[in-house]
$ cat data-v9.tsv   # TSV, C-alpha atoms
chain	number	residue	atom	x	y	z
A	1	MET	CA	75.47	41.42	84.51
A	2	PRO	CA	73.12	43.37	86.80
A	3	GLU	CA	69.49	42.28	86.91
A	4	PRO	CA	67.31	44.76	88.76
A	5	ALA	CA	64.13	43.68	90.50
A	6	SER	CA	62.05	44.99	87.58
A	7	GLY	CA	63.14	41.98	85.50
A	8	HIS	CA	65.24	44.11	83.19
A	9	THR	CA	68.71	42.93	82.31
A	10	GLN	CA	71.29	45.57	81.59
A	11	HIS	CA	73.74	44.47	78.90
A	12	ALA	CA	75.64	47.75	78.58
A	13	ASP	CA	75.79	51.20	80.15
A	14	GLN	CA	78.86	52.87	78.67
A	15	LEU	CA	80.26	56.24	77.75
A	16	LEU	CA	81.74	55.88	74.27
A	17	ASP	CA	84.20	58.18	72.56
A	18	SER	CA	82.94	60.12	69.56
A	19	THR	CA	84.74	57.93	67.03
A	20	LEU	CA	83.81	55.50	64.30
A	21	GLU	CA	85.52	52.78	66.36
A	22	SER	CA	82.82	53.32	68.97
A	23	VAL	CA	80.22	52.62	66.30
A	24	ASP	CA	81.81	49.23	65.62
A	25	VAL	CA	82.07	48.49	69.36
A	26	GLY	CA	78.44	49.34	70.00
A	27	GLU	CA	77.17	47.42	67.02
A	28	ALA	CA	79.18	44.33	67.95
A	29	LEU	CA	77.85	44.44	71.51
A	30	VAL	CA	74.25	44.67	70.32
A	31	LEU	CA	74.75	41.88	67.78
A	32	ARG	CA	76.04	39.60	70.55
A	33	THR	CA	73.13	40.56	72.79
A	34	ALA	CA	70.55	40.01	70.04
A	35	ARG	CA	72.04	36.60	69.31
A	36	ASP	CA	72.09	35.65	72.99
A	37	LEU	CA	68.44	36.69	73.30
A	38	GLY	CA	67.54	34.25	70.53
A	39	MET	CA	66.87	36.62	67.64
A	40	ASP	CA	67.25	35.06	64.19
A	41	GLU	CA	70.10	36.18	61.94
A	42	ASP	CA	68.04	38.58	59.82
A	43	THR	CA	66.64	40.26	62.93
A	44	GLN	CA	70.12	40.48	64.45
A	45	HIS	CA	71.27	42.21	61.24
A	46	ARG	CA	68.34	44.65	61.32
A	47	VAL	CA	68.94	45.56	64.95
A	48	GLY	CA	72.69	45.84	64.33
A	49	ILE	CA	72.35	48.16	61.36
A	50	SER	CA	69.82	50.33	63.27
A	51	VAL	CA	72.30	50.72	66.11
A	52	ARG	CA	75.06	51.52	63.61
A	53	GLU	CA	72.93	54.25	62.04
A	54	ALA	CA	71.98	55.73	65.42
A	55	LEU	CA	75.57	55.65	66.68
A	56	VAL	CA	76.86	57.27	63.48
A	57	ASN	CA	74.25	60.01	63.95
A	58	ALA	CA	75.39	60.54	67.55
A	59	VAL	CA	79.13	60.46	66.82
A	60	ALA	CA	79.19	62.30	63.50
A	61	HIS	CA	76.15	64.59	63.42
A	62	GLY	CA	75.54	65.04	67.15
A	63	ASN	CA	78.99	65.20	68.72
A	64	ARG	CA	80.77	65.99	65.42
A	65	TYR	CA	83.67	63.71	66.41
A	66	ASN	CA	84.47	66.09	69.30
A	67	VAL	CA	86.92	64.26	71.57
A	68	ARG	CA	85.52	66.04	74.62
A	69	LYS	CA	81.99	64.78	73.98
A	70	LYS	CA	80.80	61.29	74.79
A	71	VAL	CA	78.00	59.04	73.63
A	72	HIS	CA	75.98	57.38	76.38
A	73	PHE	CA	75.12	53.88	75.20
A	74	VAL	CA	72.64	51.71	77.10
A	75	VAL	CA	71.41	48.25	76.12
A	76	GLU	CA	68.83	46.44	78.20
A	77	SER	CA	66.22	43.76	77.82
A	78	ASP	CA	63.23	42.28	79.54
A	79	PRO	CA	61.40	39.10	78.60
A	80	GLU	CA	59.47	40.98	75.90
A	81	THR	CA	61.84	43.51	74.36
A	82	LEU	CA	65.38	44.63	73.60
A	83	THR	CA	65.85	48.36	74.19
A	84	ILE	CA	68.80	50.50	73.10
A	85	ARG	CA	69.29	54.10	74.19
A	86	ILE	CA	71.91	56.32	72.56
A	87	GLU	CA	72.52	59.85	73.82
A	88	ASP	CA	74.81	62.49	72.38
A	89	GLU	CA	75.93	65.92	73.55
A	90	GLY	CA	75.25	67.72	70.31
A	91	ASP	CA	73.15	70.77	69.48
A	92	GLY	CA	69.92	68.80	69.26
A	93	PHE	CA	67.99	67.10	66.52
A	94	HIS	CA	64.62	67.95	65.03
A	95	GLU	CA	63.18	64.99	63.20
A	96	ALA	CA	60.85	67.24	61.23
A	97	SER	CA	63.89	68.88	59.67
A	98	VAL	CA	64.95	65.62	57.98
A	99	PRO	CA	63.64	65.57	54.42
A	100	ASP	CA	61.82	62.42	53.30
A	101	PRO	CA	64.61	60.53	51.49
A	102	THR	CA	62.09	58.55	49.44
A	103	ASP	CA	60.57	61.71	47.95
A	104	ALA	CA	61.47	62.18	44.30
A	105	ALA	CA	63.04	65.53	45.14
A	106	ASN	CA	65.44	63.89	47.62
A	107	ILE	CA	65.98	60.39	46.28
A	108	MET	CA	69.35	61.25	44.70
A	109	ARG	CA	70.74	62.82	47.86
A	110	HIS	CA	73.88	61.25	49.25
A	111	SER	CA	72.69	61.10	52.85
A	112	GLY	CA	69.57	61.14	55.00
A	113	ARG	CA	68.43	57.50	54.87
A	114	GLY	CA	69.60	56.31	58.30
A	115	LEU	CA	66.48	57.26	60.24
A	116	LEU	CA	64.26	55.68	57.60
A	117	MET	CA	66.20	52.41	57.96
A	118	MET	CA	65.98	52.55	61.76
A	119	ARG	CA	62.22	53.03	61.60
A	120	ALA	CA	61.85	50.18	59.11
A	121	PHE	CA	63.86	47.73	61.20
A	122	MET	CA	62.90	48.57	64.79
A	123	ASP	CA	59.45	48.47	66.42
A	124	VAL	CA	59.89	51.79	68.24
A	125	VAL	CA	62.21	54.70	67.48
A	126	ASP	CA	61.72	57.89	69.43
A	127	TYR	CA	63.82	60.98	70.01
A	128	GLN	CA	63.94	63.18	73.08
A	129	PRO	CA	65.98	66.32	73.71
A	130	ARG	CA	68.54	66.08	76.52
A	131	VAL	CA	69.14	68.73	79.17
A	132	PRO	CA	71.17	70.89	78.88
A	133	THR	CA	72.01	69.80	75.34
A	134	GLY	CA	71.99	66.81	73.07
A	135	THR	CA	69.62	64.16	71.83
A	136	SER	CA	68.50	60.81	73.19
A	137	VAL	CA	67.19	58.15	70.84
A	138	ARG	CA	65.43	55.06	72.15
A	139	MET	CA	64.94	52.02	69.93
A	140	VAL	CA	62.93	48.96	70.89
A	141	LYS	CA	62.70	45.57	69.23
A	142	SER	CA	60.23	42.93	70.28
A	143	LEU	CA	61.66	39.55	71.22
A	144	ARG	CA	58.50	37.84	70.03
A	145	PRO	CA	59.02	36.74	66.40
A	146	ALA	CA	55.31	37.08	65.52
A	147	GLU	CA	55.44	40.73	66.55
A	148	ALA	CA	58.88	41.40	65.13
A	149	GLY	CA	57.58	43.32	62.13
A	150	ALA	CA	60.36	44.14	59.67
K	1	MET	CA	85.74	41.88	56.11
K	2	SER	CA	86.61	45.22	54.53
K	3	LEU	CA	85.64	46.03	50.98
K	4	GLN	CA	87.42	44.28	48.12
K	5	LEU	CA	87.02	45.63	44.60
K	6	ASN	CA	88.16	43.82	41.46
K	7	THR	CA	87.44	44.80	37.89
K	8	ARG	CA	87.16	42.72	34.75
K	9	GLN	CA	86.16	43.64	31.24
K	10	VAL	CA	83.28	41.94	29.43
K	11	GLY	CA	83.22	43.54	25.99
K	12	ASP	CA	82.96	47.25	26.62
K	13	VAL	CA	81.37	46.76	30.02
K	14	THR	CA	83.48	46.99	33.15
K	15	VAL	CA	82.29	44.55	35.79
K	16	LEU	CA	83.21	45.66	39.28
K	17	ASP	CA	83.16	42.63	41.58
K	18	ALA	CA	82.60	43.96	45.09
K	19	SER	CA	82.86	41.91	48.25
K	20	GLY	CA	82.72	42.74	51.94
K	21	LYS	CA	81.31	45.79	53.68
K	22	VAL	CA	80.38	49.23	52.37
K	23	THR	CA	80.04	51.37	55.48
K	24	LEU	CA	80.98	54.87	56.63
K	25	GLY	CA	84.72	55.25	57.00
K	26	GLU	CA	85.48	51.83	55.61
K	27	GLY	CA	84.24	50.80	52.18
K	28	SER	CA	82.49	54.00	51.21
K	29	ALA	CA	85.56	56.08	50.38
K	30	GLN	CA	87.18	53.13	48.66
K	31	PHE	CA	84.16	52.61	46.43
K	32	ARG	CA	84.08	56.32	45.55
K	33	GLU	CA	87.75	56.30	44.55
K	34	LYS	CA	87.31	53.20	42.43
K	35	ILE	CA	84.44	54.70	40.46
K	36	LYS	CA	86.46	57.89	39.98
K	37	ASP	CA	89.41	55.88	38.69
K	38	LEU	CA	87.23	53.92	36.29
K	39	LEU	CA	85.69	57.11	34.89
K	40	ASN	CA	89.11	58.74	34.55
K	41	ALA	CA	90.26	55.70	32.61
K	42	GLY	CA	87.31	56.12	30.24
K	43	ASN	CA	85.22	53.24	31.54
K	44	LYS	CA	81.68	54.51	31.45
K	45	LYS	CA	79.66	51.30	31.34
K	46	ILE	CA	79.93	49.95	34.85
K	47	LEU	CA	78.19	46.88	36.23
K	48	VAL	CA	78.60	46.52	39.99
K	49	ASN	CA	78.41	42.86	41.01
K	50	MET	CA	77.06	42.91	44.58
K	51	ALA	CA	76.94	39.13	45.05
K	52	ASP	CA	79.52	39.11	47.81
K	53	ILE	CA	78.55	42.33	49.56
K	54	THR	CA	77.85	41.23	53.13
K	55	TYR	CA	76.83	44.54	54.63
K	56	ILE	CA	75.87	48.02	53.50
K	57	ASP	CA	74.71	50.94	55.64
K	58	SER	CA	73.08	54.26	54.72
K	59	SER	CA	76.48	55.73	53.95
K	60	GLY	CA	77.16	52.86	51.56
K	61	LEU	CA	73.81	53.41	49.89
K	62	GLY	CA	74.73	57.07	49.57
K	63	GLU	CA	77.94	56.11	47.81
K	64	LEU	CA	76.01	53.97	45.33
K	65	VAL	CA	73.74	56.94	44.59
K	66	SER	CA	76.69	59.31	44.20
K	67	ALA	CA	78.48	56.84	41.94
K	68	PHE	CA	75.35	56.46	39.83
K	69	THR	CA	75.18	60.24	39.43
K	70	SER	CA	78.90	60.59	38.65
K	71	VAL	CA	78.75	57.91	35.96
K	72	ALA	CA	75.59	59.38	34.45
K	73	ASN	CA	77.11	62.87	34.44
K	74	ALA	CA	80.09	61.45	32.56
K	75	GLY	CA	77.72	60.15	29.90
K	76	GLY	CA	77.79	56.57	31.09
K	77	ALA	CA	75.64	54.14	33.02
K	78	MET	CA	76.03	52.19	36.25
K	79	LYS	CA	73.87	49.16	36.96
K	80	LEU	CA	73.72	46.59	39.74
K	81	LEU	CA	74.03	42.81	39.54
K	82	ASN	CA	73.23	40.02	42.00
K	83	LEU	CA	71.78	41.92	44.94
K	84	GLY	CA	71.60	39.88	48.10
K	85	LYS	CA	68.33	39.82	50.01
K	86	ARG	CA	69.53	42.36	52.58
K	87	VAL	CA	70.68	44.87	49.97
K	88	GLU	CA	67.47	44.32	48.03
K	89	ASP	CA	65.47	45.00	51.21
K	90	LEU	CA	67.34	48.27	51.69
K	91	LEU	CA	66.66	49.35	48.10
K	92	GLN	CA	62.96	48.64	48.70
K	93	ILE	CA	62.83	50.54	52.00
K	94	THR	CA	64.64	53.54	50.56
K	95	LYS	CA	62.87	53.28	47.18
K	96	LEU	CA	66.26	53.29	45.49
K	97	TYR	CA	64.95	50.42	43.37
K	98	THR	CA	63.37	53.25	41.36
K	99	VAL	CA	66.84	54.62	40.62
K	100	PHE	CA	68.98	51.56	39.94
K	101	GLU	CA	68.56	49.08	37.12
K	102	THR	CA	69.22	45.68	38.68
K	103	PHE	CA	69.91	42.26	37.22
K	104	THR	CA	70.21	38.69	38.42
K	105	GLU	CA	72.05	37.35	35.33
K	106	GLU	CA	75.34	38.82	34.17
K	107	PRO	CA	74.88	38.17	30.42
K	108	ALA	CA	71.54	39.99	30.43
K	109	ALA	CA	73.06	42.82	32.42
K	110	VAL	CA	75.96	43.17	29.99
K	111	ARG	CA	73.65	43.09	26.97
K	112	SER	CA	71.53	45.86	28.50
K	113	PHE	CA	74.38	48.36	28.03
K	114	ALA	CA	74.32	47.92	24.23

$ encode --input "data-v9.tsv" --output "structure tokens"
Amino acid sequence: MPEPASGHTQHADQLLDSTLESVDVGEALVLRTARDLGMDEDTQHRVGISVREALVNAVAHGNRYNVRKKVHFVVESDPETLTIRIEDEGDGFHEASVPDPTDAANIMRHSGRGLLMMRAFMDVVDYQPRVPTGTSVRMVKSLRPAEAGA
Amino acid sequence: MSLQLNTRQVGDVTVLDASGKVTLGEGSAQFREKIKDLLNAGNKKILVNMADITYIDSSGLGELVSAFTSVANAGGAMKLLNLGKRVEDLLQITKLYTVFETFTEEPAAVRSFA
């Protein structure tokens, strides 16, 4: 696997189809990477489920299962962190438009909890718009157990 | 492992023993259909035994919420038994612990429907 001079190791840089099978593929790859980087089982699970949620958002809500649209999936690490970047070709995503799923008014809603789970389990989750269209989400998990948080 | 669902009757309570994964496109639809079937058959006191659930995502949580609502709308009650640590964590994060009545002992759970 390529290891640029910066000390980063790239574990994946793939264009995935907009299917639920891609979600399984991406999650499995991240679980293997997290294990190989020495994360404990609970942390592996938390990283895995965060990637599942982000990939489902990209495939289902971003690309709407459009066979012509791809999901760009990048996994890389350095000695301190594991970073996952997931980019879709959808119409864009505005985090402020997601209602708080823990609010009493929304608690019985069927959906809308994925982002909350990602934020609970990862150290960094940030969204950026893509040009000309789409959304990029970056998630970071510390490899230092004392700083692992969730 | 995909979702396995088995039912057994304890008095007038239907215990739904669930094992495996409840995720989008896999266990979620299956769980929804099972709850629908139970309600259609007149089973309105449903105890979901989560002991062998290995994985649940936000879609799976959504199915639990929808099932809870469907059962309540039918005049019944759905409660949860034997949450694993990971499911319990998710209920805490999402505050769904405020929605679901949960139990660690089946006899106490069954008695609670009386």

$ closest_residue --input "data-v9.tsv" --among "K:Asp57, K:Glu105, K:Glu33, K:Asp52" --to "Asp17 of chain K" --atoms "only C-alpha atoms"
K:Asp52

$ residues_around --input "data-v9.tsv" --residues "Val59 of chain A" --least-positions-apart "2" --cutoff "9 Å" --atoms "only C-alpha atoms" --output "list in words"
Asp17, Ser18, Thr19, Leu20, Ser22, Val23, Ala54, Leu55, Val56, Asn57, His61, Gly62, Asn63, Arg64, Tyr65, Asn66, Lys69, Lys70, Val71, Asp88 and Gly90 of chain A

$ residues_around --input "data-v9.tsv" --residues "Asp37 of chain K" --least-positions-apart "5" --cutoff "12 Å" --atoms "all atoms listed in the file" --output "mmCIF file with C-alpha atoms, in the coordinates of the input"
data_model
loop_
_atom_site.group_PDB
_atom_site.id
_atom_site.type_symbol
_atom_site.label_atom_id
_atom_site.label_comp_id
_atom_site.auth_asym_id
_atom_site.auth_seq_id
_atom_site.Cartn_x
_atom_site.Cartn_y
_atom_site.Cartn_z
ATOM 1 C CA THR K 7 87.440 44.800 37.890
ATOM 2 C CA LEU K 16 83.210 45.660 39.280
ATOM 3 C CA GLN K 30 87.180 53.130 48.660
ATOM 4 C CA PHE K 31 84.160 52.610 46.430
ATOM 5 C CA ARG K 32 84.080 56.320 45.550
ATOM 6 C CA GLY K 42 87.310 56.120 30.240
ATOM 7 C CA ASN K 43 85.220 53.240 31.540
ATOM 8 C CA LYS K 44 81.680 54.510 31.450
ATOM 9 C CA ILE K 46 79.930 49.950 34.850
ATOM 10 C CA ALA K 67 78.480 56.840 41.940
ATOM 11 C CA SER K 70 78.900 60.590 38.650
ATOM 12 C CA VAL K 71 78.750 57.910 35.960
#

$ atom_distance --input "data-v9.tsv" --atom1 "atom CA of Thr102 of chain K" --atom2 "atom CA of Leu47 of chain K"
9.4 Å

$ closest_residue --input "data-v9.tsv" --among "K:Gln4, K:Thr69, K:Ser59, K:Gln9" --to "Gly25 of chain K" --atoms "all atoms listed in the file"
K:Ser59

$ closest_atom_pairs --input "data-v9.tsv" --of "chain K" --to "chain A" --cutoff "12 Å" --atoms "all atoms listed in the file" --output "JSON lines"
{"residue": "K:Thr23", "atom": "CA", "partner": "A:Arg52", "partner_atom": "CA", "distance": 9.5}
{"residue": "K:Leu24", "atom": "CA", "partner": "A:Leu20", "partner_atom": "CA", "distance": 8.2}
{"residue": "K:Gly25", "atom": "CA", "partner": "A:Leu20", "partner_atom": "CA", "distance": 7.4}
{"residue": "K:Glu26", "atom": "CA", "partner": "A:Leu20", "partner_atom": "CA", "distance": 9.6}
{"residue": "K:Ser28", "atom": "CA", "partner": "A:His110", "partner_atom": "CA", "distance": 11.4}
{"residue": "K:Arg32", "atom": "CA", "partner": "A:His110", "partner_atom": "CA", "distance": 11.9}
{"residue": "K:Thr54", "atom": "CA", "partner": "A:His45", "partner_atom": "CA", "distance": 10.5}
{"residue": "K:Tyr55", "atom": "CA", "partner": "A:Ile49", "partner_atom": "CA", "distance": 8.9}
{"residue": "K:Ile56", "atom": "CA", "partner": "A:Ile49", "partner_atom": "CA", "distance": 8.6}
{"residue": "K:Asp57", "atom": "CA", "partner": "A:Ile49", "partner_atom": "CA", "distance": 6.8}
{"residue": "K:Ser58", "atom": "CA", "partner": "A:Gly114", "partner_atom": "CA", "distance": 5.4}
{"residue": "K:Ser59", "atom": "CA", "partner": "A:Ser111", "partner_atom": "CA", "distance": 6.7}
{"residue": "K:Gly60", "atom": "CA", "partner": "A:His110", "partner_atom": "CA", "distance": 9.3}
{"residue": "K:Leu61", "atom": "CA", "partner": "A:His110", "partner_atom": "CA", "distance": 7.9}
{"residue": "K:Gly62", "atom": "CA", "partner": "A:His110", "partner_atom": "CA", "distance": 4.3}
{"residue": "K:Glu63", "atom": "CA", "partner": "A:His110", "partner_atom": "CA", "distance": 6.7}
{"residue": "K:Leu64", "atom": "CA", "partner": "A:His110", "partner_atom": "CA", "distance": 8.5}
{"residue": "K:Val65", "atom": "CA", "partner": "A:Met108", "partner_atom": "CA", "distance": 6.2}
{"residue": "K:Ser66", "atom": "CA", "partner": "A:His110", "partner_atom": "CA", "distance": 6.1}
{"residue": "K:Ala67", "atom": "CA", "partner": "A:His110", "partner_atom": "CA", "distance": 9.7}
{"residue": "K:Phe68", "atom": "CA", "partner": "A:Met108", "partner_atom": "CA", "distance": 9.1}
{"residue": "K:Thr69", "atom": "CA", "partner": "A:Met108", "partner_atom": "CA", "distance": 7.9}
{"residue": "K:Ser70", "atom": "CA", "partner": "A:Met108", "partner_atom": "CA", "distance": 11.3}
{"residue": "K:Lys85", "atom": "CA", "partner": "A:Asp42", "partner_atom": "CA", "distance": 9.9}
{"residue": "K:Arg86", "atom": "CA", "partner": "A:Asp42", "partner_atom": "CA", "distance": 8.3}
{"residue": "K:Val87", "atom": "CA", "partner": "A:Arg46", "partner_atom": "CA", "distance": 11.6}
{"residue": "K:Asp89", "atom": "CA", "partner": "A:Ala150", "partner_atom": "CA", "distance": 9.9}
{"residue": "K:Leu90", "atom": "CA", "partner": "A:Met117", "partner_atom": "CA", "distance": 7.6}
{"residue": "K:Leu91", "atom": "CA", "partner": "A:Met117", "partner_atom": "CA", "distance": 10.3}
{"residue": "K:Gln92", "atom": "CA", "partner": "A:Thr102", "partner_atom": "CA", "distance": 10.0}
{"residue": "K:Ile93", "atom": "CA", "partner": "A:Met117", "partner_atom": "CA", "distance": 7.1}
{"residue": "K:Thr94", "atom": "CA", "partner": "A:Thr102", "partner_atom": "CA", "distance": 5.7}
{"residue": "K:Lys95", "atom": "CA", "partner": "A:Thr102", "partner_atom": "CA", "distance": 5.8}
{"residue": "K:Leu96", "atom": "CA", "partner": "A:Ile107", "partner_atom": "CA", "distance": 7.1}
{"residue": "K:Tyr97", "atom": "CA", "partner": "A:Ile107", "partner_atom": "CA", "distance": 10.4}
{"residue": "K:Thr98", "atom": "CA", "partner": "A:Ile107", "partner_atom": "CA", "distance": 9.1}
{"residue": "K:Val99", "atom": "CA", "partner": "A:Ile107", "partner_atom": "CA", "distance": 8.1}
{"residue": "K:Phe100", "atom": "CA", "partner": "A:Met108", "partner_atom": "CA", "distance": 10.8}

$ atom_distance --input "data-v9.tsv" --atom1 "atom CA of Ser19 of chain K" --atom2 "atom CA of Leu38 of chain K"
17.5 Å

$ decode --input "data-v9.tsv" --residues "segment 32-110 of chain A" --atoms "C-alpha atoms" --output "mmCIF file, in the first residue's frame"
data_model
loop_
_atom_site.group_PDB
_atom_site.id
_atom_site.type_symbol
_atom_site.label_atom_id
_atom_site.label_comp_id
_atom_site.auth_asym_id
_atom_site.auth_seq_id
_atom_site.Cartn_x
_atom_site.Cartn_y
_atom_site.Cartn_z
ATOM 1 C CA ARG A 32 -10.011 -4.534 8.823
ATOM 2 C CA THR A 33 -7.986 -1.326 8.838
ATOM 3 C CA ALA A 34 -9.093 -0.391 12.356
ATOM 4 C CA ARG A 35 -8.168 -3.858 13.589
ATOM 5 C CA ASP A 36 -4.785 -3.739 11.862
ATOM 6 C CA LEU A 37 -4.102 -0.344 13.440
ATOM 7 C CA GLY A 38 -4.636 -1.867 16.877
ATOM 8 C CA MET A 39 -8.028 -0.434 17.807
ATOM 9 C CA ASP A 40 -9.937 -2.454 20.399
ATOM 10 C CA GLU A 41 -13.123 -4.266 19.371
ATOM 11 C CA ASP A 42 -15.542 -1.643 20.710
ATOM 12 C CA THR A 43 -13.676 1.124 18.889
ATOM 13 C CA GLN A 44 -13.594 -0.939 15.697
ATOM 14 C CA HIS A 45 -17.376 -1.316 16.002
ATOM 15 C CA ARG A 46 -17.868 2.425 16.551
ATOM 16 C CA VAL A 47 -15.723 3.342 13.567
ATOM 17 C CA GLY A 48 -17.409 0.675 11.440
ATOM 18 C CA ILE A 49 -20.936 1.820 12.237
ATOM 19 C CA SER A 50 -19.956 5.472 11.591
ATOM 20 C CA VAL A 51 -18.657 4.527 8.161
ATOM 21 C CA ARG A 52 -21.828 2.517 7.499
ATOM 22 C CA GLU A 53 -23.980 5.524 8.382
ATOM 23 C CA ALA A 54 -21.917 7.888 6.232
ATOM 24 C CA LEU A 55 -21.899 5.497 3.272
ATOM 25 C CA VAL A 56 -25.660 4.946 3.533
ATOM 26 C CA ASN A 57 -26.096 8.732 3.508
ATOM 27 C CA ALA A 58 -23.913 9.006 0.390
ATOM 28 C CA VAL A 59 -25.490 6.084 -1.474
ATOM 29 C CA ALA A 60 -29.126 6.551 -0.486
ATOM 30 C CA HIS A 61 -29.614 10.240 0.315
ATOM 31 C CA GLY A 62 -26.797 11.763 -1.741
ATOM 32 C CA ASN A 63 -26.634 9.692 -4.914
ATOM 33 C CA ARG A 64 -30.145 8.215 -4.483
ATOM 34 C CA TYR A 65 -28.908 4.832 -5.732
ATOM 35 C CA ASN A 66 -28.219 6.408 -9.151
ATOM 36 C CA VAL A 67 -26.115 3.905 -11.098
ATOM 37 C CA ARG A 68 -24.339 6.733 -12.928
ATOM 38 C CA LYS A 69 -23.145 8.335 -9.702
ATOM 39 C CA LYS A 70 -20.214 7.087 -7.657
ATOM 40 C CA VAL A 71 -19.076 7.404 -4.077
ATOM 41 C CA HIS A 72 -15.431 8.361 -3.597
ATOM 42 C CA PHE A 73 -14.145 6.447 -0.590
ATOM 43 C CA VAL A 74 -10.756 7.228 0.945
ATOM 44 C CA VAL A 75 -9.232 5.657 4.049
ATOM 45 C CA GLU A 76 -5.867 6.779 5.350
ATOM 46 C CA SER A 77 -3.932 6.842 8.573
ATOM 47 C CA ASP A 78 -0.917 8.401 10.183
ATOM 48 C CA PRO A 79 0.649 7.457 13.495
ATOM 49 C CA GLU A 80 -1.965 9.526 15.345
ATOM 50 C CA THR A 81 -5.248 9.129 13.493
ATOM 51 C CA LEU A 82 -7.464 7.141 11.156
ATOM 52 C CA THR A 83 -9.229 9.366 8.621
ATOM 53 C CA ILE A 84 -12.103 8.389 6.331
ATOM 54 C CA ARG A 85 -13.413 10.614 3.554
ATOM 55 C CA ILE A 86 -16.665 9.829 1.752
ATOM 56 C CA GLU A 87 -17.836 11.957 -1.167
ATOM 57 C CA ASP A 88 -21.088 11.721 -3.085
ATOM 58 C CA GLU A 89 -22.415 13.389 -6.218
ATOM 59 C CA GLY A 90 -25.759 14.389 -4.786
ATOM 60 C CA ASP A 91 -27.527 17.727 -4.523
ATOM 61 C CA GLY A 92 -25.683 18.749 -1.377
ATOM 62 C CA PHE A 93 -26.322 18.458 2.318
ATOM 63 C CA HIS A 94 -27.012 21.146 4.886
ATOM 64 C CA GLU A 95 -26.369 19.880 8.365
ATOM 65 C CA ALA A 96 -28.511 22.628 9.863
ATOM 66 C CA SER A 97 -31.500 21.169 8.047
ATOM 67 C CA VAL A 98 -31.281 17.908 10.026
ATOM 68 C CA PRO A 99 -33.657 18.081 12.982
ATOM 69 C CA ASP A 100 -32.254 17.105 16.382
ATOM 70 C CA PRO A 101 -33.387 13.463 16.664
ATOM 71 C CA THR A 102 -33.165 13.569 20.458
ATOM 72 C CA ASP A 103 -35.672 16.427 20.691
ATOM 73 C CA ALA A 104 -39.029 15.318 22.047
ATOM 74 C CA ALA A 105 -40.695 16.546 18.865
ATOM 75 C CA ASN A 106 -38.518 14.247 16.728
ATOM 76 C CA ILE A 107 -37.747 11.285 18.961
ATOM 77 C CA MET A 108 -40.410 9.070 17.341
ATOM 78 C CA ARG A 109 -39.215 9.747 13.807
ATOM 79 C CA HIS A 110 -38.135 6.730 11.810
#
